[in-house]
Amino acid sequence: MVILDIAAPILLMYGLKYSSAANVSLLNNFEIVMTAIIAFVIFKEKMSLRVILGIITITISCLILSFENDESLNFSFGSLFVLLAAVCWGIENNCTKKISNSDPIVIVLIKEYFLEQGR
């Protein structure tokens, strides 16, 4: 989780470097999709029809936003970084949920320890 907490913001910053802030802001909604898909596939959580329709809608909008313009359909390089950050946060969200019954102080101390080791 600590590695994902470090990687996601770095990927997001590269996304901002190669894409517009508005595009990055809207693509960040893909985190919701990744969190739900990972929960469904890996952790066998149930999804309602409403959630599935929401995931489809967000995915379509993210696909539309990932292209530079409507004339040539070139994939935006910055969008790839933002989508990878969303994947990192989706995995991290699911892992955090699994340990959410643990003592929050212990979780924070463990994260802080590993972040300090990385500096």
# chains A, B, ... in the order shown; residues from 1 in each chain; ligands from 1

$ residues_around --residues "Gly78 (chain A)" --least-positions-apart "5" --cutoff "8 Å" --atoms "only C-alpha atoms" --output "list in words"
Tyr14, Gly15, Leu16, Lys17, Tyr18 and Ser19 of chain A

$ write_last_selection --atoms "C-alpha atoms" --output "tab-separated table (two decimals), in the first residue's frame"
chain	number	residue	atom	x	y	z
A	14	TYR	CA	3.24	13.20	-14.97
A	15	GLY	CA	-0.34	13.15	-16.19
A	16	LEU	CA	-0.63	16.83	-15.35
A	17	LYS	CA	2.62	17.52	-17.18
A	18	TYR	CA	1.35	15.98	-20.43
A	19	SER	CA	-2.39	16.78	-20.20

$ residues_around --residues "region 42-59 of chain A" --least-positions-apart "4" --cutoff "8 Å" --atoms "only C-alpha atoms" --output "count of residues only"
7

$ residues_around --residues "Met13 (chain A)" --least-positions-apart "2" --cutoff "12 Å" --atoms "only C-alpha atoms" --output "list of chain:residue names"
A:Ile6, A:Ala7, A:Ala8, A:Pro9, A:Ile10, A:Leu11, A:Gly15, A:Leu16, A:Lys17, A:Tyr18, A:Ser19, A:Ser20, A:Ala21, A:Val24, A:Ser25, A:Asn28, A:Gly78, A:Ser79, A:Leu80, A:Phe81, A:Val82, A:Leu83, A:Leu84, A:Ala85

$ closest_residue --among "A:Ala22, A:Ala39, A:Met34, A:Leu27" --to "Lys98 (chain A)" --atoms "only C-alpha atoms"
A:Ala39

$ atom_distance --atom1 "CA of Ser76 (chain A)" --atom2 "CA of Leu12 (chain A)"
13.7 Å
